[in-house]
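Everything below belongs to run_6.txt, which stores compact mmCIF, C-alpha atoms and all ligand atoms.
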# COMPACT_ATOMS: atom_id res chain seq x y z
CA MET A 1 90.27 -8.88 14.64
CA MET A 2 93.44 -7.21 13.42
CA ALA A 3 93.03 -4.27 11.07
CA GLY A 4 94.69 -4.13 7.67
CA PRO A 5 98.06 -2.48 7.13
CA ASP A 6 98.59 1.27 7.41
CA VAL A 7 101.01 1.64 4.55
CA SER A 8 100.97 -0.14 1.18
CA VAL A 9 104.07 0.29 -0.94
CA ILE A 10 103.68 -0.43 -4.65
CA VAL A 11 106.70 -1.28 -6.75
CA PRO A 12 106.48 -1.91 -10.51
CA VAL A 13 109.16 -4.33 -11.64
CA TYR A 14 110.33 -4.89 -15.18
CA ASN A 15 113.58 -6.80 -15.74
CA GLU A 16 115.14 -5.69 -12.48
CA GLU A 17 116.90 -8.90 -11.37
CA ARG A 18 120.13 -7.02 -10.76
CA VAL A 19 118.50 -4.48 -8.46
CA LEU A 20 115.96 -6.56 -6.55
CA PRO A 21 118.25 -8.12 -3.90
CA ARG A 22 119.52 -4.69 -2.85
CA LEU A 23 116.00 -3.22 -3.07
CA PHE A 24 114.70 -5.93 -0.70
CA GLU A 25 117.45 -5.14 1.82
CA ARG A 26 116.86 -1.42 1.87
CA LEU A 27 113.08 -1.34 1.44
CA TYR A 28 112.22 -3.88 4.14
CA ALA A 29 114.74 -2.30 6.54
CA ALA A 30 113.26 1.16 5.98
CA LEU A 31 109.70 -0.13 6.50
CA ASP A 32 110.53 -2.34 9.47
CA SER A 33 111.90 0.71 11.28
CA LEU A 34 108.89 2.83 10.33
CA GLY A 35 106.77 1.45 13.16
CA GLU A 36 103.65 1.09 11.03
CA ARG A 37 101.92 -1.99 9.77
CA TYR A 38 102.85 -2.25 6.14
CA GLU A 39 102.63 -4.39 3.04
CA ILE A 40 104.69 -4.28 -0.13
CA ILE A 41 102.96 -5.03 -3.41
CA PHE A 42 105.35 -5.87 -6.19
CA VAL A 43 103.86 -5.89 -9.66
CA ASN A 44 105.92 -7.87 -12.11
CA ASP A 45 105.28 -6.26 -15.47
CA GLY A 46 106.08 -9.30 -17.62
CA SER A 47 109.81 -9.36 -16.89
CA ARG A 48 111.85 -11.60 -19.15
CA ASP A 49 114.65 -12.10 -16.65
CA ARG A 50 114.57 -13.79 -13.24
CA SER A 51 112.65 -10.96 -11.54
CA ALA A 52 109.50 -13.08 -11.07
CA GLN A 53 111.50 -15.88 -9.42
CA LEU A 54 113.23 -13.41 -7.11
CA LEU A 55 109.87 -11.90 -6.16
CA ALA A 56 108.39 -15.33 -5.48
CA ALA A 57 111.36 -16.17 -3.24
CA GLN A 58 110.94 -12.89 -1.39
CA PHE A 59 107.25 -13.66 -0.91
CA ARG A 60 108.21 -16.98 0.67
CA ALA A 61 110.67 -15.23 2.95
CA ARG A 62 108.27 -12.50 4.14
CA PRO A 63 104.70 -13.69 3.40
CA ASP A 64 103.33 -11.49 6.19
CA VAL A 65 104.16 -8.24 4.42
CA THR A 66 104.79 -9.22 0.81
CA ARG A 67 102.37 -9.56 -2.07
CA VAL A 68 103.25 -10.16 -5.66
CA VAL A 69 101.02 -9.47 -8.64
CA LEU A 70 102.28 -11.20 -11.76
CA PHE A 71 101.31 -9.83 -15.15
CA ASN A 72 101.50 -12.20 -18.06
CA GLY A 73 102.94 -9.55 -20.35
CA ASN A 74 104.46 -6.09 -20.40
CA PHE A 75 101.71 -3.53 -19.91
CA GLY A 76 103.85 -0.58 -18.82
CA GLN A 77 104.87 1.03 -15.57
CA HIS A 78 101.67 3.02 -15.09
CA MET A 79 99.39 0.04 -15.71
CA ALA A 80 101.49 -1.92 -13.23
CA ILE A 81 100.93 0.77 -10.62
CA MET A 82 97.19 0.83 -11.35
CA ALA A 83 97.09 -2.94 -10.82
CA GLY A 84 98.97 -2.42 -7.56
CA PHE A 85 96.34 0.12 -6.48
CA GLU A 86 93.58 -2.42 -7.06
CA HIS A 87 95.25 -4.68 -4.52
CA VAL A 88 96.00 -2.07 -1.86
CA ARG A 89 94.76 -2.99 1.61
CA GLY A 90 96.43 -0.14 3.46
CA GLN A 91 95.28 3.38 4.28
CA ILE A 92 98.23 5.06 2.59
CA ALA A 93 99.62 4.02 -0.77
CA ILE A 94 103.20 4.81 -1.72
CA THR A 95 104.63 4.25 -5.18
CA LEU A 96 108.31 3.65 -5.66
CA ASP A 97 110.61 2.68 -8.52
CA ALA A 98 112.39 -0.64 -8.20
CA ASP A 99 115.77 0.68 -9.32
CA LEU A 100 116.48 2.50 -6.02
CA GLN A 101 116.50 5.90 -7.70
CA ASN A 102 113.87 6.80 -5.11
CA PRO A 103 115.48 6.08 -1.73
CA PRO A 104 113.10 3.97 0.44
CA GLU A 105 114.41 5.87 3.45
CA GLU A 106 112.28 8.85 2.34
CA ILE A 107 109.02 6.92 2.89
CA PRO A 108 108.50 8.07 6.51
CA ARG A 109 108.44 11.70 5.40
CA LEU A 110 105.71 10.94 2.84
CA VAL A 111 103.69 9.09 5.45
CA ALA A 112 104.02 12.06 7.81
CA GLU A 113 102.59 14.42 5.17
CA ILE A 114 99.54 12.20 4.66
CA ARG A 115 99.06 12.02 8.42
CA ALA A 116 99.24 15.81 8.45
CA GLY A 117 96.06 15.82 6.37
CA HIS A 118 97.19 15.85 2.76
CA ASP A 119 95.62 13.36 0.38
CA TYR A 120 98.39 13.51 -2.22
CA VAL A 121 102.09 13.98 -1.67
CA GLY A 122 104.13 14.80 -4.75
CA THR A 123 107.88 14.96 -4.73
CA ILE A 124 110.63 17.05 -6.24
CA ARG A 125 114.03 15.48 -6.79
CA ARG A 126 116.52 17.60 -4.91
CA GLN A 127 119.38 16.73 -7.18
CA ARG A 128 118.42 14.56 -10.05
CA GLU A 129 120.84 11.81 -10.95
CA ASP A 130 120.01 11.19 -14.58
CA SER A 131 121.70 11.99 -17.86
CA ALA A 132 121.92 15.65 -18.92
CA PHE A 133 119.70 14.87 -21.89
CA ARG A 134 116.96 13.41 -19.67
CA ARG A 135 117.16 16.38 -17.31
CA THR A 136 116.87 19.00 -20.07
CA ALA A 137 114.14 17.17 -21.97
CA SER A 138 112.17 16.65 -18.82
CA LYS A 139 112.44 20.34 -17.88
CA ALA A 140 111.01 21.25 -21.28
CA MET A 141 108.18 18.71 -20.93
CA ASN A 142 107.37 19.98 -17.44
CA ARG A 143 107.06 23.51 -18.81
CA LEU A 144 104.89 22.41 -21.72
CA ARG A 145 102.62 20.40 -19.44
CA GLU A 146 102.29 23.35 -17.09
CA ARG A 147 100.88 25.38 -19.99
CA ILE A 148 98.49 22.94 -21.54
CA THR A 149 97.11 21.05 -18.56
CA ARG A 150 95.88 22.33 -15.25
CA ILE A 151 98.10 19.93 -13.43
CA GLU A 152 100.61 21.57 -11.15
CA MET A 153 103.60 19.37 -10.55
CA THR A 154 107.06 20.77 -10.13
CA ASP A 155 108.67 17.49 -11.11
CA GLN A 156 106.32 15.22 -13.04
CA GLY A 157 108.84 12.44 -13.46
CA CYS A 158 109.46 11.47 -9.86
CA MET A 159 107.39 8.41 -9.04
CA LEU A 160 108.00 8.32 -5.29
CA ARG A 161 104.59 9.62 -4.23
CA ALA A 162 101.95 9.02 -1.59
CA TYR A 163 98.17 8.81 -1.99
CA ASP A 164 95.55 8.39 0.68
CA ARG A 165 93.00 5.60 0.63
CA ALA A 166 90.12 7.69 -0.71
CA LEU A 167 92.23 8.90 -3.61
CA VAL A 168 93.29 5.34 -4.43
CA ASP A 169 89.63 4.30 -4.47
CA THR A 170 88.92 7.09 -6.94
CA LEU A 171 91.82 6.03 -9.13
CA ASN A 172 90.51 2.47 -9.05
CA ALA A 173 87.21 3.74 -10.39
CA CYS A 174 89.01 5.16 -13.45
CA GLN A 175 89.38 2.59 -16.17
CA GLU A 176 91.73 4.68 -18.29
CA VAL A 177 94.26 3.05 -20.53
CA ASN A 178 97.71 4.54 -21.08
CA THR A 179 97.41 6.98 -18.25
CA PHE A 180 99.94 8.83 -16.17
CA VAL A 181 99.26 7.98 -12.55
CA PRO A 182 100.56 11.12 -10.76
CA ALA A 183 98.63 13.38 -13.13
CA LEU A 184 95.45 11.32 -12.80
CA ALA A 185 95.72 11.43 -9.02
CA TYR A 186 96.39 15.15 -9.04
CA THR A 187 93.14 15.82 -10.93
CA PHE A 188 91.21 14.39 -7.98
CA ALA A 189 93.39 15.50 -5.09
CA ALA A 190 91.78 17.93 -2.67
CA ARG A 191 94.77 18.87 -0.52
CA PRO A 192 97.91 18.11 -2.51
CA THR A 193 101.38 19.00 -1.35
CA GLU A 194 104.94 18.52 -2.55
CA ILE A 195 108.13 17.76 -0.70
CA MET A 196 111.78 17.57 -1.72
CA VAL A 197 113.30 14.10 -1.77
CA SER A 198 116.74 12.89 -2.62
CA HIS A 199 117.43 10.96 -5.76
CA GLU A 200 120.09 8.44 -6.59
CA GLU A 201 121.59 6.96 -9.66
CA ARG A 202 120.01 3.76 -10.86
CA PHE A 203 121.56 1.04 -8.67
CA ALA A 204 122.08 -1.47 -11.50
CA GLY A 205 120.67 -2.39 -14.88
CA GLU A 206 119.54 0.24 -17.31
CA SER A 207 116.58 2.55 -17.82
CA LYS A 208 113.53 0.79 -19.22
CA TYR A 209 112.56 3.90 -21.13
CA SER A 210 113.98 4.30 -24.60
CA LEU A 211 113.65 7.68 -26.28
CA TYR A 212 110.64 6.32 -28.15
CA LYS A 213 108.93 5.12 -24.95
CA LEU A 214 109.60 8.49 -23.33
CA ILE A 215 107.97 10.30 -26.22
CA ARG A 216 104.98 7.96 -26.01
CA LEU A 217 104.70 8.55 -22.28
CA ASN A 218 104.69 12.29 -22.77
CA PHE A 219 101.99 12.02 -25.42
CA ASP A 220 99.93 10.05 -22.90
CA LEU A 221 100.46 12.83 -20.40
CA MET A 222 99.68 15.73 -22.74
CA THR A 223 96.81 14.26 -24.75
CA GLY A 224 95.43 12.29 -21.83
CA PHE A 225 94.94 15.34 -19.68
CA SER A 226 94.31 18.23 -22.06
CA ILE A 227 92.73 19.08 -25.38
CA VAL A 228 94.61 22.37 -25.54
CA PRO A 229 97.04 20.99 -28.19
CA LEU A 230 94.08 20.45 -30.52
CA GLN A 231 92.85 23.97 -29.85
CA TRP A 232 96.31 25.41 -30.43
CA PHE A 233 96.23 23.62 -33.68
CA SER A 234 93.04 25.30 -34.79
CA LEU A 235 94.56 28.65 -33.83
CA VAL A 236 97.66 27.97 -35.91
CA GLY A 237 95.36 26.96 -38.76
CA ILE A 238 93.44 30.23 -38.52
CA VAL A 239 96.62 32.34 -38.43
CA LEU A 240 98.09 30.45 -41.36
CA SER A 241 95.01 30.79 -43.55
CA LEU A 242 94.86 34.50 -42.82
CA GLY A 243 98.55 34.75 -43.79
CA ALA A 244 97.96 32.72 -46.94
CA GLY A 245 95.03 34.96 -47.87
CA ALA A 246 97.22 38.04 -47.46
CA LEU A 247 99.95 36.44 -49.56
CA PHE A 248 97.43 35.67 -52.29
CA ALA A 249 96.20 39.25 -52.33
CA LEU A 250 99.79 40.50 -52.52
CA LEU A 251 100.60 38.18 -55.41
CA LEU A 252 97.48 39.26 -57.23
CA VAL A 253 98.39 42.93 -56.91
CA ARG A 254 101.93 42.22 -58.11
CA ARG A 255 100.54 40.25 -61.05
CA PHE A 256 98.69 43.30 -62.29
CA MET A 257 101.40 45.83 -61.51
CA LEU A 258 104.54 43.93 -62.54
CA GLY A 259 103.25 41.21 -64.85
CA ALA A 260 104.00 37.48 -64.49
CA GLU A 261 106.96 36.57 -62.25
CA VAL A 262 108.68 33.23 -61.74
CA GLU A 263 111.31 34.20 -59.18
CA GLY A 264 110.72 33.09 -55.65
CA VAL A 265 109.87 29.54 -56.64
CA PHE A 266 112.10 28.21 -53.88
CA THR A 267 110.54 30.48 -51.31
CA LEU A 268 107.25 29.05 -52.41
CA PHE A 269 108.59 25.51 -51.93
CA ALA A 270 109.91 26.38 -48.51
CA LEU A 271 106.56 27.80 -47.53
CA MET A 272 104.80 24.77 -48.91
CA PHE A 273 106.93 22.29 -47.02
CA PHE A 274 106.41 24.31 -43.89
CA PHE A 275 102.65 24.14 -44.32
CA ILE A 276 102.73 20.46 -45.21
CA GLY A 277 104.78 19.83 -42.08
CA ILE A 278 102.23 21.59 -39.96
CA VAL A 279 99.36 19.75 -41.62
CA LEU A 280 101.04 16.39 -41.08
CA PHE A 281 101.72 17.21 -37.45
CA GLY A 282 98.10 18.18 -37.09
CA ILE A 283 96.89 14.91 -38.55
CA GLY A 284 99.25 13.05 -36.25
CA LEU A 285 97.98 14.95 -33.26
CA MET A 286 94.38 14.23 -34.24
CA GLY A 287 95.45 10.61 -34.52
CA GLU A 288 96.70 10.66 -30.92
CA TYR A 289 93.25 11.65 -29.72
CA VAL A 290 91.39 9.37 -32.08
CA GLY A 291 93.68 6.55 -30.97
CA ARG A 292 92.88 7.25 -27.33
CA ILE A 293 89.17 7.25 -28.10
CA GLN A 294 89.54 3.96 -29.92
CA GLN A 295 91.38 2.41 -27.00
CA GLU A 296 88.75 3.59 -24.54
CA VAL A 297 85.73 2.46 -26.54
CA ARG A 298 87.19 -1.03 -26.99
CA ARG A 299 86.82 -1.45 -23.23
CA ARG A 300 89.37 -4.23 -23.15
CA PRO A 301 90.82 -5.26 -19.84
CA ARG A 302 93.84 -3.04 -19.28
CA TYR A 303 96.13 -5.83 -18.24
CA ARG A 304 96.08 -9.48 -17.42
CA VAL A 305 97.16 -10.84 -14.09
CA SER A 306 98.42 -14.39 -14.34
CA ALA A 307 98.81 -14.98 -10.60
CA VAL A 308 98.82 -13.17 -7.26
CA LEU A 309 101.07 -14.45 -4.49
CA GLU A 310 99.61 -13.36 -1.18
CA ALA A 311 98.57 -14.59 2.22
CA PRO A 312 94.90 -14.03 3.06
CA PRO A 313 94.25 -10.72 4.85
CA GLN A 314 94.63 -10.99 8.62
CA ALA A 315 96.24 -14.39 8.37
CA SER A 316 97.22 -16.07 11.63
CA PRO A 317 100.90 -16.76 12.35
CA GLU A 318 100.30 -20.47 11.70
CA ALA A 319 98.75 -19.72 8.35
CA LEU A 320 101.69 -17.49 7.52
CA ALA A 321 104.15 -20.19 8.47
CA GLU A 322 102.35 -22.34 5.99
CA ALA A 323 102.40 -19.56 3.44
CA SER A 324 106.17 -19.74 3.38
CA SER A 325 105.69 -23.11 1.77
CA PHE A 326 103.04 -21.46 -0.39
CA ARG A 327 102.28 -23.10 -3.68
CA ILE A 328 104.04 -20.92 -6.23
CA PRO A 329 102.88 -21.26 -9.86
CA SER A 330 105.41 -23.42 -11.61
CA ALA A 331 106.09 -20.71 -14.15
CA VAL A 332 107.79 -18.54 -11.55
CA ALA A 333 108.89 -21.15 -9.04
CA ALA A 334 111.44 -22.84 -11.19
CA GLU A 335 114.67 -21.35 -12.42
CA PRO A 336 114.20 -20.50 -16.07
CA PRO A 337 116.27 -22.90 -18.14
CA SER A 338 117.41 -20.20 -20.55
CA VAL A 339 117.18 -16.49 -21.17
CA ASN A 340 113.77 -16.27 -22.75
CA ALA A 341 111.86 -18.52 -20.42
CA ALA A 342 109.12 -16.09 -19.33
CA SER A 343 106.34 -18.57 -19.96
CA GLY A 344 102.89 -17.48 -20.92
CA SER A 345 104.01 -14.01 -21.94
CA LYS A 346 103.40 -12.84 -25.41
CA ALA A 347 105.29 -10.28 -27.43
N1 LIG B 1 108.85 -0.34 -15.39
C1 LIG B 1 107.77 -1.19 -15.58
N2 LIG B 1 107.34 -1.46 -16.85
C2 LIG B 1 107.92 -0.89 -17.95
C3 LIG B 1 109.00 0.02 -17.74
C4 LIG B 1 109.44 0.26 -16.46
O1 LIG B 1 107.21 -1.71 -14.61
O2 LIG B 1 107.48 -1.17 -19.07
C5 LIG B 1 109.33 -0.07 -14.01
C6 LIG B 1 110.81 -0.30 -13.78
O3 LIG B 1 111.09 -1.65 -13.41
C7 LIG B 1 111.11 0.65 -12.65
C8 LIG B 1 110.18 1.83 -12.94
O4 LIG B 1 109.16 1.30 -13.78
O5 LIG B 1 110.77 0.12 -11.38
C9 LIG B 1 110.90 2.99 -13.58
O6 LIG B 1 111.62 2.56 -14.72
P1 LIG B 1 113.07 3.12 -15.05
O7 LIG B 1 113.88 3.27 -13.81
O8 LIG B 1 113.68 2.27 -16.11
O9 LIG B 1 112.73 4.55 -15.65
P2 LIG B 1 113.58 5.89 -15.51
O10 LIG B 1 114.06 6.00 -14.09
O11 LIG B 1 114.71 5.77 -16.47
O12 LIG B 1 112.59 6.96 -15.86
MG MG B 2 114.81 4.73 -12.87
Write the structure described by the file as structure tokens, please.
Amino acid sequence: MMAGPDVSVIVPVYNEERVLPRLFERLYAALDSLGERYEIIFVNDGSRDRSAQLLAAQFRARPDVTRVVLFNGNFGQHMAIMAGFEHVRGQIAITLDADLQNPPEEIPRLVAEIRAGHDYVGTIRRQREDSAFRRTASKAMNRLRERITRIEMTDQGCMLRAYDRALVDTLNACQEVNTFVPALAYTFAARPTEIMVSHEERFAGESKYSLYKLIRLNFDLMTGFSIVPLQWFSLVGIVLSLGAGALFALLLVRRFMLGAEVEGVFTLFALMFFFIGIVLFGIGLMGEYVGRIQQEVRRRPRYRVSAVLEAPPQASPEALAEASSFRIPSAVAAEPPSVNAASGSKA
């Protein structure tokens, strides 16, 4: 009996119809020349464009090495990767962005590091091809994360990473919502390493992360992996109340020595707004944690898979030939009549 694949590549896909054809060319070429048995698991994260159709067509073209997990809604990049992990049959899992910012040609180097005995291979983008704003913001977030979590990643944003089978099994045992996959994996990794990889500009289409989504993602990373922000908050609270106590004492002394004063009202306002700002931030921060707790205790399924296109494991050539005429769910088989045809997906 033939063993499963060596390498499983997981690609989250959200509205990437303009990139997919080029991704297929480069990814399959890179893996075909790798000389390992491989599979590619695409997870369609509720795309509203023709991505699902393109993926279904690619599955028909290469059913031996292609698997497609179709979500019925948009659950986010990290949930898509977690769903991919649940379907991994290989010994090494590699995650990769669909937009070709992570060159597929780097995959062999990641595989080599796992073979060298590492269970987690992180990456550092040699020269990052993103906007100056993204680069600066991400440097600041990296530094902040370094301080408040125990996760050591030089470049937290690069998603081209490799994980060995045992680590993937551990990740599959985690039922966390809104997580950050590289950080979660790092917490369990025994022999992590990092390598430099090249980085390219997005091939086509635009970033799926708005400023708002980026902020949310970073909250997931900070509050999902550390309670230090809460503790900092208590410290700030202590310092502030000591300061306020001192101020009160000072005012009291002045009251008796100089009599009643009304100057400095605006200073008082400024101070007050400052404190109110801090208090509001604190409540918001508490809310982040309470929100996480609420999401975890609900124990809802983290995503919903509407269909999986795949040939059975260890399928014979004849079965695979048949798989190319595989019955594709009508929702993704047909060309969507108009723009918003993603059937079954909710807002
Ligand atoms: N992605 C996803 N679901 C989302 C947002 C993004 O599956 O809700 C995928 C997207 O298709 C791409 C990867 O995650 O393969 C990274 O997204 P993007 O390139 O837009 O992010 P950026 O490079 O700007 O950080
Ligand atoms: Mg990108």
ask   = Got a sec to check which residues lie within 10 Å of ligand LIG 1 (chain B), using all atoms listed in the file, and send them as a count of residues only?
value = 54
request  = Calculate how many Å separate atom CA of Thr66 of chain A from atom CA of Tyr38 of chain A, rounding to one decimal.
outcome  =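 Separating atom CA of Thr66 of chain A from atom CA of Tyr38 of chain A is a distance of 9.0 Å.
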Exercise: Pro329 of chain A partners within 10 Å, all atoms listed in the file, chain neighbours under 6 positions left out, as an NGL selection string = :A and (56 or 306-309)
query = Which residue out of A:Gly122, A:Gly259, A:Pro63, A:Gly282 has the minimum interatomic distance to Pro229 of chain A when all atoms listed in the file are used?
reply =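 Answer, going by the shortest atom-to-atom distance: A:Gly282.
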task = Find the residue from A:Gly243, A:Pro182, A:Gly237, A:Gly35 that sits nearest to Leu221 of chain A; use all atoms listed in the file when measuring.
result = A:Pro182
Take every atom of segment 186-204 of chain A listed in the file, fit an axis-aligned box around them, add 6 Å per side, and give the centre and edge lengths in Å to one decimal as lines of an AutoDock Vina configuration file.
center_x = 106.6
center_y = 8.8
center_z = -6.0
size_x = 42.9
size_y = 32.5
size_z = 23.0
request  = Tell me, in Å to one decimal, how far atom CA of Val69 of chain A is from atom CA of Ala315 of chain A.
outcome  = 18.3 Å
request  = Kindly give the distance, in Å, that separates atom CA of Arg89 of chain A and atom CA of Val197 of chain A, rounded to a single decimal.
outcome  =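 Interatomic distance, atom CA of Arg89 of chain A to atom CA of Val197 of chain A: 25.4 Å.
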request  = Mind checking which residues fall within 12 Å of Arg298 of chain A, counting all atoms listed in the file, ignoring those fewer than 6 positions away in the same chain, and posting them as JSON, numbers by chain?
outcome  = {"A": [175, 176, 177, 291, 292]}
query = Hey, which of A:Ile41, A:Phe71, A:His199, A:Thr179 ends up closest to ligand MG 2 (chain B)? Count only C-alpha atoms and all ligand atoms.
reply =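 For ligand MG 2 (chain B), the nearest of the given residues is A:His199.
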task = Go through A:Gln91, A:Gln127, A:Ser226, A:Gln58 and flag the residue nearest Ile151 of chain A, using all atoms listed in the file for the distances.
result = A:Ser226
What's around Arg143 of chain A at 12 Å? Count all atoms listed in the file, leave out sequence neighbours fewer than 4 positions away in its own chain, and write the answer as a tab-separated table (two decimals) with C-alpha atoms, keeping the file's coordinate frame.
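The result, written out as part_22.tsv:
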chain	number	residue	atom	x	y	z
A	136	THR	CA	116.87	19.00	-20.07
A	137	ALA	CA	114.14	17.17	-21.97
A	138	SER	CA	112.17	16.65	-18.82
A	139	LYS	CA	112.44	20.34	-17.88
A	147	ARG	CA	100.88	25.38	-19.99
A	148	ILE	CA	98.49	22.94	-21.54
A	149	THR	CA	97.11	21.05	-18.56
A	150	ARG	CA	95.88	22.33	-15.25
A	151	ILE	CA	98.10	19.93	-13.43
A	152	GLU	CA	100.61	21.57	-11.15
A	153	MET	CA	103.60	19.37	-10.55
A	154	THR	CA	107.06	20.77	-10.13
A	155	ASP	CA	108.67	17.49	-11.11
A	156	GLN	CA	106.32	15.22	-13.04
A	222	MET	CA	99.68	15.73	-22.74
task = Choose the residue, out of A:Val168, A:Leu160, A:Val88, A:Ala3, that has the smallest atom-to-atom separation from ligand MG 2 (chain B); count all atoms listed in the file.
result = A:Leu160
